$ cat protein-v2.cif   # mmCIF, C-alpha atoms and all ligand atoms
data_upload
loop_
_atom_site.group_PDB
_atom_site.id
_atom_site.type_symbol
_atom_site.label_atom_id
_atom_site.label_comp_id
_atom_site.auth_asym_id
_atom_site.auth_seq_id
_atom_site.Cartn_x
_atom_site.Cartn_y
_atom_site.Cartn_z
ATOM 1 C CA MET A 1 96.470 167.824 130.647
ATOM 2 C CA LEU A 2 96.649 166.638 127.091
ATOM 3 C CA GLN A 3 100.423 166.382 127.510
ATOM 4 C CA LEU A 4 99.913 163.904 130.341
ATOM 5 C CA TYR A 5 97.014 162.148 128.711
ATOM 6 C CA MET A 6 98.849 161.257 125.502
ATOM 7 C CA PRO A 7 101.744 159.324 127.106
ATOM 8 C CA LEU A 8 99.344 157.592 129.509
ATOM 9 C CA HIS A 9 97.061 156.723 126.657
ATOM 10 C CA PHE A 10 100.059 155.387 124.761
ATOM 11 C CA LEU A 11 101.205 153.368 127.787
ATOM 12 C CA GLY A 12 97.718 151.914 128.099
ATOM 13 C CA PHE A 13 97.890 150.896 124.457
ATOM 14 C CA VAL A 14 101.325 149.273 124.925
ATOM 15 C CA TYR A 15 100.075 147.475 128.035
ATOM 16 C CA ARG A 16 97.064 146.078 126.158
ATOM 17 C CA GLU A 17 99.233 145.000 123.237
ATOM 18 C CA ILE A 18 101.663 143.189 125.546
ATOM 19 C CA LYS A 19 98.812 141.564 127.433
ATOM 20 C CA ASN A 20 97.254 140.334 124.178
ATOM 21 C CA ALA A 21 100.602 139.022 122.960
ATOM 22 C CA LEU A 22 101.106 137.152 126.227
ATOM 23 C CA ALA A 23 97.598 135.718 126.024
ATOM 24 C CA ASP A 24 98.375 134.543 122.476
ATOM 25 C CA MET A 25 101.635 132.970 123.586
ATOM 26 C CA GLU A 26 99.999 131.213 126.494
ATOM 27 C CA LYS A 27 97.334 129.864 124.184
ATOM 28 C CA MET A 28 99.930 128.703 121.707
ATOM 29 C CA PHE A 29 101.838 126.827 124.394
ATOM 30 C CA ARG A 30 98.630 125.253 125.593
ATOM 31 C CA LEU A 31 97.907 124.311 121.997
ATOM 32 C CA LEU A 32 101.345 122.829 121.576
ATOM 33 C CA ASP A 33 100.903 121.098 124.914
ATOM 34 C CA VAL A 34 104.586 121.818 125.387
ATOM 35 C CA ASN A 35 106.319 119.095 127.285
ATOM 36 C CA LYS A 36 109.550 120.388 128.730
ATOM 37 C CA GLU A 37 111.034 116.917 129.006
ATOM 38 C CA ILE A 38 111.237 116.659 125.231
ATOM 39 C CA ALA A 39 114.571 118.021 124.092
ATOM 40 C CA ASP A 40 116.913 117.446 121.176
ATOM 41 C CA ALA A 41 119.249 114.501 121.738
ATOM 42 C CA PRO A 42 122.939 115.461 121.956
ATOM 43 C CA GLY A 43 124.185 115.689 118.382
ATOM 44 C CA ALA A 44 120.662 115.518 116.923
ATOM 45 C CA GLN A 45 120.708 115.958 113.154
ATOM 46 C CA PRO A 46 118.042 117.526 110.948
ATOM 47 C CA LEU A 47 115.559 115.015 109.577
ATOM 48 C CA LYS A 48 116.533 113.892 106.084
ATOM 49 C CA LEU A 49 113.230 113.747 104.268
ATOM 50 C CA GLU A 50 113.174 111.477 101.271
ATOM 51 C CA HIS A 51 109.834 109.736 100.862
ATOM 52 C CA ALA A 52 108.187 110.816 104.119
ATOM 53 C CA ALA A 53 107.376 107.213 105.037
ATOM 54 C CA VAL A 54 106.116 106.915 108.625
ATOM 55 C CA ARG A 55 106.488 103.814 110.804
ATOM 56 C CA PHE A 56 105.204 102.999 114.289
ATOM 57 C CA GLU A 57 106.958 99.878 115.591
ATOM 58 C CA ASN A 58 105.794 98.171 118.790
ATOM 59 C CA VAL A 59 104.949 101.507 120.363
ATOM 60 C CA ARG A 60 103.954 101.616 124.021
ATOM 61 C CA PHE A 61 102.969 104.809 125.745
ATOM 62 C CA SER A 62 101.451 106.120 128.957
ATOM 63 C CA TYR A 63 100.806 109.708 130.081
ATOM 64 C CA ASP A 64 100.882 108.445 133.614
ATOM 65 C CA PRO A 65 103.020 105.392 134.519
ATOM 66 C CA ALA A 66 100.092 103.712 136.265
ATOM 67 C CA ARG A 67 97.996 103.518 133.110
ATOM 68 C CA GLU A 68 99.340 102.409 129.730
ATOM 69 C CA ILE A 69 97.381 104.043 126.890
ATOM 70 C CA LEU A 70 98.997 102.410 123.837
ATOM 71 C CA HIS A 71 99.946 98.751 123.955
ATOM 72 C CA ASP A 72 102.281 97.486 121.262
ATOM 73 C CA VAL A 73 101.026 99.550 118.323
ATOM 74 C CA SER A 74 102.631 98.943 114.910
ATOM 75 C CA PHE A 75 101.675 100.321 111.512
ATOM 76 C CA ASP A 76 103.176 101.915 108.426
ATOM 77 C CA ILE A 77 102.116 104.905 106.396
ATOM 78 C CA PRO A 78 103.911 104.462 103.067
ATOM 79 C CA SER A 79 104.962 107.563 101.181
ATOM 80 C CA GLY A 80 101.956 109.547 99.950
ATOM 81 C CA HIS A 81 99.408 107.201 101.520
ATOM 82 C CA THR A 82 96.534 108.055 103.841
ATOM 83 C CA VAL A 83 96.001 105.995 106.976
ATOM 84 C CA ALA A 84 92.844 106.705 108.967
ATOM 85 C CA VAL A 85 92.321 105.759 112.593
ATOM 86 C CA VAL A 86 88.863 105.067 114.003
ATOM 87 C CA GLY A 87 87.631 103.718 117.331
ATOM 88 C CA ALA A 88 85.702 104.603 120.445
ATOM 89 C CA SER A 89 86.398 107.772 122.385
ATOM 90 C CA GLY A 90 89.472 107.307 124.571
ATOM 91 C CA ALA A 91 90.862 104.437 122.461
ATOM 92 C CA GLY A 92 94.129 106.363 121.943
ATOM 93 C CA LYS A 93 93.632 107.787 118.442
ATOM 94 C CA SER A 94 94.740 111.381 119.080
ATOM 95 C CA THR A 95 97.623 110.095 121.186
ATOM 96 C CA LEU A 96 99.123 108.648 117.975
ATOM 97 C CA SER A 97 99.208 112.110 116.406
ATOM 98 C CA ARG A 98 100.729 113.682 119.543
ATOM 99 C CA LEU A 99 103.489 111.067 119.504
ATOM 100 C CA LEU A 100 104.242 111.563 115.810
ATOM 101 C CA PHE A 101 104.644 115.312 116.394
ATOM 102 C CA ARG A 102 106.780 114.402 119.423
ATOM 103 C CA PHE A 103 104.823 116.197 122.093
ATOM 104 C CA TYR A 104 105.735 113.100 124.108
ATOM 105 C CA ASP A 105 108.270 110.304 123.729
ATOM 106 C CA VAL A 106 107.249 106.671 123.496
ATOM 107 C CA ASN A 107 107.930 104.401 126.492
ATOM 108 C CA ALA A 108 108.948 101.523 124.242
ATOM 109 C CA GLY A 109 109.209 100.892 120.512
ATOM 110 C CA VAL A 110 110.141 103.358 117.789
ATOM 111 C CA ILE A 111 108.441 105.958 115.632
ATOM 112 C CA SER A 112 110.470 106.681 112.525
ATOM 113 C CA ILE A 113 110.297 108.791 109.386
ATOM 114 C CA ASP A 114 112.280 107.495 106.422
ATOM 115 C CA GLY A 115 114.077 105.137 108.806
ATOM 116 C CA GLN A 116 115.146 107.868 111.250
ATOM 117 C CA ASP A 117 113.967 107.541 114.842
ATOM 118 C CA ILE A 118 112.140 110.818 115.525
ATOM 119 C CA ARG A 119 113.969 111.071 118.890
ATOM 120 C CA SER A 120 117.286 111.300 117.036
ATOM 121 C CA VAL A 121 116.421 114.288 114.818
ATOM 122 C CA THR A 122 116.032 117.960 115.732
ATOM 123 C CA GLN A 123 112.556 118.955 116.836
ATOM 124 C CA THR A 124 112.598 121.948 114.511
ATOM 125 C CA SER A 125 113.215 119.785 111.448
ATOM 126 C CA LEU A 126 110.619 117.224 112.584
ATOM 127 C CA ARG A 127 107.933 119.855 113.117
ATOM 128 C CA ALA A 128 108.803 121.604 109.857
ATOM 129 C CA ALA A 129 108.038 118.336 108.032
ATOM 130 C CA ILE A 130 104.622 117.874 109.630
ATOM 131 C CA GLY A 131 101.479 119.979 109.236
ATOM 132 C CA ILE A 132 98.645 119.559 111.706
ATOM 133 C CA VAL A 133 94.999 120.374 111.243
ATOM 134 C CA PRO A 134 93.876 120.017 114.861
ATOM 135 C CA GLN A 135 90.399 119.298 116.233
ATOM 136 C CA ASP A 136 90.222 122.697 117.804
ATOM 137 C CA THR A 137 92.025 125.408 115.934
ATOM 138 C CA VAL A 138 93.352 128.187 118.091
ATOM 139 C CA LEU A 139 92.883 131.567 116.445
ATOM 140 C CA PHE A 140 95.167 134.378 117.491
ATOM 141 C CA ASN A 141 93.712 137.774 118.342
ATOM 142 C CA ASP A 142 94.851 139.198 115.063
ATOM 143 C CA THR A 143 93.678 139.505 111.462
ATOM 144 C CA ILE A 144 92.469 136.514 109.518
ATOM 145 C CA TYR A 145 95.391 137.164 107.171
ATOM 146 C CA TYR A 146 97.879 136.773 110.047
ATOM 147 C CA ASN A 147 96.088 133.634 111.197
ATOM 148 C CA ILE A 148 96.521 131.960 107.803
ATOM 149 C CA ALA A 149 100.027 133.318 107.143
ATOM 150 C CA TYR A 150 101.088 131.809 110.491
ATOM 151 C CA GLY A 151 101.488 128.548 108.511
ATOM 152 C CA ARG A 152 104.487 130.147 106.739
ATOM 153 C CA PRO A 153 105.131 133.715 107.870
ATOM 154 C CA GLU A 154 107.397 134.515 104.915
ATOM 155 C CA ALA A 155 104.646 133.650 102.373
ATOM 156 C CA THR A 156 103.574 136.358 99.927
ATOM 157 C CA ARG A 157 100.069 137.809 99.953
ATOM 158 C CA ASP A 158 99.264 135.935 96.724
ATOM 159 C CA GLU A 159 100.306 132.651 98.337
ATOM 160 C CA VAL A 160 98.163 133.330 101.409
ATOM 161 C CA ILE A 161 95.166 134.073 99.191
ATOM 162 C CA ALA A 162 95.816 130.980 97.061
ATOM 163 C CA ALA A 163 95.881 128.842 100.240
ATOM 164 C CA ALA A 164 92.601 130.406 101.404
ATOM 165 C CA GLN A 165 91.100 129.664 97.997
ATOM 166 C CA SER A 166 92.182 126.016 98.118
ATOM 167 C CA ALA A 167 90.717 125.735 101.611
ATOM 168 C CA HIS A 168 87.471 127.308 100.302
ATOM 169 C CA ILE A 169 87.469 130.153 102.760
ATOM 170 C CA HIS A 170 88.504 132.976 100.427
ATOM 171 C CA THR A 171 84.947 133.899 99.340
ATOM 172 C CA PHE A 172 83.845 134.027 102.978
ATOM 173 C CA ILE A 173 86.790 136.274 103.880
ATOM 174 C CA GLU A 174 86.125 138.586 100.939
ATOM 175 C CA SER A 175 82.517 138.934 102.079
ATOM 176 C CA LEU A 176 83.638 140.417 105.437
ATOM 177 C CA PRO A 177 83.601 144.225 105.557
ATOM 178 C CA GLN A 178 87.339 144.346 106.236
ATOM 179 C CA GLY A 179 88.234 141.260 104.198
ATOM 180 C CA TYR A 180 91.605 139.745 105.105
ATOM 181 C CA ASP A 181 92.174 142.537 107.644
ATOM 182 C CA SER A 182 89.198 141.455 109.783
ATOM 183 C CA MET A 183 90.174 140.763 113.368
ATOM 184 C CA VAL A 184 89.329 137.256 114.575
ATOM 185 C CA GLY A 185 89.780 135.380 117.849
ATOM 186 C CA GLU A 186 88.293 136.045 121.248
ATOM 187 C CA ARG A 187 88.342 139.795 120.806
ATOM 188 C CA GLY A 188 87.284 139.765 117.161
ATOM 189 C CA LEU A 189 84.990 137.944 114.849
ATOM 190 C CA LYS A 190 84.005 134.521 116.141
ATOM 191 C CA LEU A 191 84.300 131.892 113.441
ATOM 192 C CA SER A 192 82.217 128.722 113.338
ATOM 193 C CA GLY A 193 83.834 125.321 113.875
ATOM 194 C CA GLY A 194 83.898 124.673 110.121
ATOM 195 C CA GLU A 195 85.409 128.077 109.324
ATOM 196 C CA LYS A 196 88.100 127.587 111.954
ATOM 197 C CA GLN A 197 88.994 124.198 110.507
ATOM 198 C CA ARG A 198 89.243 125.813 107.082
ATOM 199 C CA VAL A 199 91.678 128.397 108.474
ATOM 200 C CA ALA A 200 93.732 125.477 109.811
ATOM 201 C CA ILE A 201 93.553 123.765 106.407
ATOM 202 C CA ALA A 202 94.695 126.986 104.711
ATOM 203 C CA ARG A 203 97.619 127.204 107.182
ATOM 204 C CA ALA A 204 98.553 123.612 106.382
ATOM 205 C CA ILE A 205 98.305 124.210 102.621
ATOM 206 C CA LEU A 206 100.603 127.206 103.001
ATOM 207 C CA LYS A 207 103.088 125.205 105.054
ATOM 208 C CA ASN A 208 103.041 122.523 102.347
ATOM 209 C CA PRO A 209 104.346 119.751 104.610
ATOM 210 C CA ALA A 210 105.377 116.293 103.396
ATOM 211 C CA ILE A 211 103.430 114.755 106.274
ATOM 212 C CA LEU A 212 99.960 115.817 107.308
ATOM 213 C CA ILE A 213 98.017 115.020 110.470
ATOM 214 C CA PHE A 214 94.323 115.735 110.284
ATOM 215 C CA ASP A 215 92.450 115.462 113.558
ATOM 216 C CA GLU A 216 88.811 115.674 112.630
ATOM 217 C CA ALA A 217 86.630 117.885 114.834
ATOM 218 C CA THR A 218 84.669 115.787 117.328
ATOM 219 C CA SER A 219 81.720 118.138 117.371
ATOM 220 C CA ALA A 220 79.532 117.561 114.363
ATOM 221 C CA LEU A 221 79.480 120.280 111.738
ATOM 222 C CA ASP A 222 76.402 120.720 109.608
ATOM 223 C CA SER A 223 76.441 118.111 106.866
ATOM 224 C CA LYS A 224 77.240 120.601 104.090
ATOM 225 C CA SER A 225 80.333 121.968 105.893
ATOM 226 C CA GLU A 226 81.329 118.457 106.851
ATOM 227 C CA LYS A 227 81.210 117.266 103.260
ATOM 228 C CA ALA A 228 83.144 120.364 102.116
ATOM 229 C CA ILE A 229 85.877 119.825 104.742
ATOM 230 C CA GLN A 230 86.171 116.180 103.776
ATOM 231 C CA ASP A 231 86.601 117.193 100.112
ATOM 232 C CA GLU A 232 89.286 119.723 101.084
ATOM 233 C CA LEU A 233 91.043 117.089 103.176
ATOM 234 C CA ARG A 234 91.050 114.736 100.175
ATOM 235 C CA ASN A 235 92.657 117.500 98.101
ATOM 236 C CA ILE A 236 95.461 118.333 100.501
ATOM 237 C CA ALA A 237 96.115 114.706 101.433
ATOM 238 C CA GLN A 238 96.909 113.889 97.829
ATOM 239 C CA ASN A 239 100.566 112.937 97.451
ATOM 240 C CA ARG A 240 101.251 113.578 101.121
ATOM 241 C CA THR A 241 101.784 111.010 103.827
ATOM 242 C CA THR A 242 98.647 111.543 105.878
ATOM 243 C CA LEU A 243 97.388 110.361 109.255
ATOM 244 C CA VAL A 244 93.692 111.045 109.762
ATOM 245 C CA ILE A 245 92.130 110.759 113.205
ATOM 246 C CA ALA A 246 88.531 110.250 112.205
ATOM 247 C CA HIS A 247 85.409 110.703 114.228
ATOM 248 C CA ARG A 248 83.037 109.983 111.375
ATOM 249 C CA LEU A 249 83.324 106.937 109.183
ATOM 250 C CA SER A 250 82.401 108.897 106.052
ATOM 251 C CA THR A 251 85.842 110.537 106.337
ATOM 252 C CA VAL A 252 87.749 107.266 106.041
ATOM 253 C CA ILE A 253 86.145 105.452 103.113
ATOM 254 C CA ASP A 254 88.906 106.433 100.673
ATOM 255 C CA ALA A 255 91.874 105.856 103.001
ATOM 256 C CA HIS A 256 94.517 103.402 101.777
ATOM 257 C CA GLN A 257 94.299 101.752 105.169
ATOM 258 C CA ILE A 258 91.955 102.068 108.136
ATOM 259 C CA LEU A 259 93.130 101.157 111.628
ATOM 260 C CA VAL A 260 90.446 100.285 114.153
ATOM 261 C CA MET A 261 91.593 101.002 117.700
ATOM 262 C CA ASP A 262 90.127 99.614 120.855
ATOM 263 C CA LYS A 263 91.558 100.349 124.317
ATOM 264 C CA GLY A 264 95.014 101.205 123.004
ATOM 265 C CA ARG A 265 95.355 98.336 120.548
ATOM 266 C CA ILE A 266 94.852 98.055 116.811
ATOM 267 C CA VAL A 267 92.204 95.371 116.559
ATOM 268 C CA GLU A 268 91.414 95.497 112.840
ATOM 269 C CA ARG A 269 93.124 96.954 109.796
ATOM 270 C CA GLY A 270 92.365 97.110 106.088
ATOM 271 C CA THR A 271 90.485 99.113 103.487
ATOM 272 C CA HIS A 272 86.845 100.045 103.977
ATOM 273 C CA ARG A 273 85.847 97.151 101.725
ATOM 274 C CA ASN A 274 88.131 94.602 103.473
ATOM 275 C CA LEU A 275 86.818 95.629 106.864
ATOM 276 C CA LEU A 276 83.177 95.357 105.836
ATOM 277 C CA GLU A 277 83.890 91.868 104.508
ATOM 278 C CA ILE A 278 85.351 90.558 107.742
ATOM 279 C CA GLN A 279 82.198 91.697 109.560
ATOM 280 C CA GLY A 280 83.977 92.722 112.730
ATOM 281 C CA ILE A 281 83.954 95.880 114.836
ATOM 282 C CA TYR A 282 84.306 98.239 111.870
ATOM 283 C CA ALA A 283 81.368 96.636 110.064
ATOM 284 C CA GLN A 284 79.287 97.047 113.234
ATOM 285 C CA MET A 285 80.316 100.698 113.570
ATOM 286 C CA TRP A 286 79.417 101.258 109.940
ATOM 287 C CA ALA A 287 75.986 99.636 110.308
ATOM 288 C CA LEU A 288 75.330 101.745 113.400
ATOM 289 C CA GLN A 289 76.313 104.933 111.628
ATOM 290 C CA LEU A 290 74.060 104.137 108.662
ATOM 291 C CA GLN A 291 71.207 103.478 111.065
ATOM 292 C CA GLU A 292 71.781 106.834 112.784
ATOM 293 C CA GLU A 293 71.855 108.653 109.468
ATOM 294 C CA HIS A 294 68.505 107.205 108.528
HETATM 295 P P1 LIG B 301 88.474 110.899 121.264
HETATM 296 O O1 LIG B 301 87.841 110.139 120.155
HETATM 297 O O2 LIG B 301 87.522 111.164 122.387
HETATM 298 O O3 LIG B 301 89.223 112.134 120.815
HETATM 299 P P2 LIG B 301 90.926 109.325 121.421
HETATM 300 O O4 LIG B 301 90.774 107.936 120.951
HETATM 301 O O5 LIG B 301 91.564 110.291 120.488
HETATM 302 O O6 LIG B 301 89.548 109.895 121.936
HETATM 303 P P3 LIG B 301 93.080 110.007 123.222
HETATM 304 O O7 LIG B 301 92.861 111.479 123.247
HETATM 305 O O8 LIG B 301 94.222 109.478 122.467
HETATM 306 O O9 LIG B 301 91.743 109.252 122.786
HETATM 307 O O10 LIG B 301 93.183 109.535 124.741
HETATM 308 C C1 LIG B 301 93.451 108.199 125.114
HETATM 309 C C2 LIG B 301 93.433 108.096 126.620
HETATM 310 O O11 LIG B 301 94.499 108.874 127.155
HETATM 311 C C3 LIG B 301 92.152 108.601 127.272
HETATM 312 O O12 LIG B 301 91.788 107.690 128.273
HETATM 313 C C4 LIG B 301 92.539 109.917 127.872
HETATM 314 O O13 LIG B 301 91.848 110.125 129.070
HETATM 315 C C5 LIG B 301 94.015 109.763 128.151
HETATM 316 N N1 LIG B 301 94.729 111.049 127.986
HETATM 317 C C6 LIG B 301 94.719 111.832 126.896
HETATM 318 N N2 LIG B 301 95.488 112.928 127.076
HETATM 319 C C7 LIG B 301 96.010 112.823 128.314
HETATM 320 C C8 LIG B 301 96.884 113.637 129.097
HETATM 321 N N3 LIG B 301 97.401 114.769 128.610
HETATM 322 N N4 LIG B 301 97.185 113.207 130.340
HETATM 323 C C9 LIG B 301 96.676 112.060 130.843
HETATM 324 N N5 LIG B 301 95.842 111.241 130.151
HETATM 325 C C10 LIG B 301 95.511 111.620 128.909
#
$ encode --input "protein-v2.cif" --output "structure tokens"
Amino acid sequence: MLQLYMPLHFLGFVYREIKNALADMEKMFRLLDVNKEIADAPGAQPLKLEHAAVRFENVRFSYDPAREILHDVSFDIPSGHTVAVVGASGAGKSTLSRLLFRFYDVNAGVISIDGQDIRSVTQTSLRAAIGIVPQDTVLFNDTIYYNIAYGRPEATRDEVIAAAQSAHIHTFIESLPQGYDSMVGERGLKLSGGEKQRVAIARAILKNPAILIFDEATSALDSKSEKAIQDELRNIAQNRTTLVIAHRLSTVIDAHQILVMDKGRIVERGTHRNLLEIQGIYAQMWALQLQEEH
């Protein structure tokens, strides 16, 4: 009986492992929102990164031909600068980050990095240059170590720990009974929204990309976690070309430039101070937010 039980038990184990791996893959593809129409152009060359300067030039885009989402959007993110995008829900903010990562191609206009149209370079080189901290971080059903190391699988243990320290999640991990070997994800420890974003920040730190996209979580974190995440963002954005999709104005105060989007158009742009001075939409949003805080 035992002779039969052991192989069956083993098969059951293999089956569960494969099922988990498939579930992880499915989740990853959902996360990457893989669009099969996006392919490398014939003769595509690797991106030649020099300054990591990003440019959107007269970009138009629609998910569905009947409804244009971005209308003639142009802006620059000079090397090492942070540009933050604010605006009402549905204005098209996250769409900008999806286009920069080339989940979709623009319908008109050009997105370029260091003068190279992102449609003309290999997707692998483009995605290697960009780190994303998404709104909703997908955790794999694996250890927290694996989940951080995913940012750069060949990283050493010391590098993974250093990234966790910079993302201020190391102390939390060490406090878990199984430390870095704790299982997380649906079948493991559930992390809070703030902890998940810190894992994503640690992944991004480990990847050390020249360009960073930070899509702030829509759901409010408690104000202490929120402040901590904003501080960590400031740290990793330093000396990187950064696009921040902001849902709270407190995140954008220090940005080199703030873009205010409304219904797929940039309607105001400038620093926090400039925008308050012109007393337009941004100034109204700011006043409203202050009111809510009080
Ligand atoms: P929020 O602040 O709520 O995150 P946002 O400004 O980031 O909003 P986007 O996510 O860029 O807005 O969406 C812009 C518009 O595009 C919305 O009207 C949305 O319904 C639509 N949209 C977004 N993703 C898709 C998709 N995959 N297919 C079709 N329409 C989409």
$ residues_around --input "protein-v2.cif" --residues "A:Met261" --least-positions-apart "5" --cutoff "8 Å" --atoms "all atoms listed in the file" --output "list in words"
Val85, Val86, Gly87, Ala88, Ala91, Gly92, Lys93, Ile266, Val267 and Glu268 of chain A
$ write_last_selection --input "protein-v2.cif" --atoms "C-alpha atoms" --output "mmCIF file, keeping the file's coordinate frame"
data_model
loop_
_atom_site.group_PDB
_atom_site.id
_atom_site.type_symbol
_atom_site.label_atom_id
_atom_site.label_comp_id
_atom_site.auth_asym_id
_atom_site.auth_seq_id
_atom_site.Cartn_x
_atom_site.Cartn_y
_atom_site.Cartn_z
ATOM 1 C CA VAL A 85 92.321 105.759 112.593
ATOM 2 C CA VAL A 86 88.863 105.067 114.003
ATOM 3 C CA GLY A 87 87.631 103.718 117.331
ATOM 4 C CA ALA A 88 85.702 104.603 120.445
ATOM 5 C CA ALA A 91 90.862 104.437 122.461
ATOM 6 C CA GLY A 92 94.129 106.363 121.943
ATOM 7 C CA LYS A 93 93.632 107.787 118.442
ATOM 8 C CA ILE A 266 94.852 98.055 116.811
ATOM 9 C CA VAL A 267 92.204 95.371 116.559
ATOM 10 C CA GLU A 268 91.414 95.497 112.840
#
$ residues_around --input "protein-v2.cif" --residues "A:Asp40" --least-positions-apart "6" --cutoff "12 Å" --atoms "all atoms listed in the file" --output "list in words"
Pro46, Leu47, Arg102, Asp105, Ile118, Arg119, Ser120, Val121, Thr122, Gln123, Thr124, Ser125 and Leu126 of chain A
$ residues_around --input "protein-v2.cif" --residues "A:Ala200" --least-positions-apart "3" --cutoff "6 Å" --atoms "all atoms listed in the file" --output "mmCIF file with C-alpha atoms, in the coordinates of the input"
data_model
loop_
_atom_site.group_PDB
_atom_site.id
_atom_site.type_symbol
_atom_site.label_atom_id
_atom_site.label_comp_id
_atom_site.auth_asym_id
_atom_site.auth_seq_id
_atom_site.Cartn_x
_atom_site.Cartn_y
_atom_site.Cartn_z
ATOM 1 C CA VAL A 133 94.999 120.374 111.243
ATOM 2 C CA GLN A 197 88.994 124.198 110.507
ATOM 3 C CA ARG A 203 97.619 127.204 107.182
#
$ atom_distance --input "protein-v2.cif" --atom1 "atom CA of A:Asn235" --atom2 "atom CA of A:Ala255"
12.7 Å
$ residues_around --input "protein-v2.cif" --residues "stretch 221-225 of chain A" --least-positions-apart "4" --cutoff "8 Å" --atoms "all atoms listed in the file" --output "number ranges by chain"
A: 193-194, 229
$ write_last_selection --input "protein-v2.cif" --atoms "C-alpha atoms" --output "PDB file, in the frame of the given file"
ATOM      1  CA  GLY A 193      83.834 125.321 113.875  1.00  0.00           C
ATOM      2  CA  GLY A 194      83.898 124.673 110.121  1.00  0.00           C
ATOM      3  CA  ILE A 229      85.877 119.825 104.742  1.00  0.00           C
TER       4      ILE A 229
END
$ resolve_selection --input "protein-v2.cif" --expression "the PyMOL selection byres (((not hetatm)) within 9 of (chain B and resi 301))" --output "MDAnalysis selection string"
chainID A and resid 33 62:64 67:70 85:98 135 215:218 245:247 261:264
$ atom_distance --input "protein-v2.cif" --atom1 "atom CA of A:Gly185" --atom2 "atom CA of A:Val160"
18.6 Å
$ resolve_selection --input "protein-v2.cif" --expression "the PyMOL selection byres (((chain A and resi 147) around 12) and not hetatm)" --output "number ranges by chain"
A: 24, 137-146, 148-153, 160, 163-164, 180-185, 196-204, 206
$ closest_residue --input "protein-v2.cif" --among "A:Ala287, A:Ile173, A:Ile213, A:Ala167" --to "A:Leu99" --atoms "all atoms listed in the file"
A:Ile213
$ atom_distance --input "protein-v2.cif" --atom1 "atom CA of A:Ala129" --atom2 "atom CA of A:Ile211"
6.1 Å
$ residues_around --input "protein-v2.cif" --residues "A:Ala283" --least-positions-apart "2" --cutoff "12 Å" --atoms "only C-alpha atoms" --output "ChimeraX atom specification"
/A:86-87,249,260,268-281,285-290
$ resolve_selection --input "protein-v2.cif" --expression "the PyMOL selection byres (((chain A and resi 49) around 9) and not hetatm)" --output "ChimeraX atom specification"
/A:47-48,50-53,113-114,129,210
$ closest_residue --input "protein-v2.cif" --among "A:Ile205, A:Leu243, A:Ala39, A:Ile253" --to "A:Arg55" --atoms "only C-alpha atoms"
A:Leu243
$ residues_near_point --input "protein-v2.cif" --point "(89.3, 113.7, 100.3)" --cutoff "10 Å" --atoms "all atoms listed in the file" --output "PyMOL selection string"
chain A and resi 82+227-238+251-255
$ closest_atom_pairs --input "protein-v2.cif" --of "stretch 107-187 of chain A" --to "stretch 71-78 of chain A" --cutoff "10 Å" --atoms "only C-alpha atoms" --output "tab-separated table"
residue	atom	partner	partner_atom	distance
A:Ala108	CA	A:Asp72	CA	8.3
A:Gly109	CA	A:Asp72	CA	7.8
A:Val110	CA	A:Ser74	CA	9.2
A:Ile111	CA	A:Ser74	CA	9.1
A:Ser112	CA	A:Asp76	CA	9.6
A:Ile113	CA	A:Ile77	CA	9.5
A:Asp114	CA	A:Pro78	CA	9.5
$ closest_residue --input "protein-v2.cif" --among "A:Val59, A:Leu212, A:Ala44, A:Ile161" --to "A:Ala128" --atoms "all atoms listed in the file"
A:Leu212
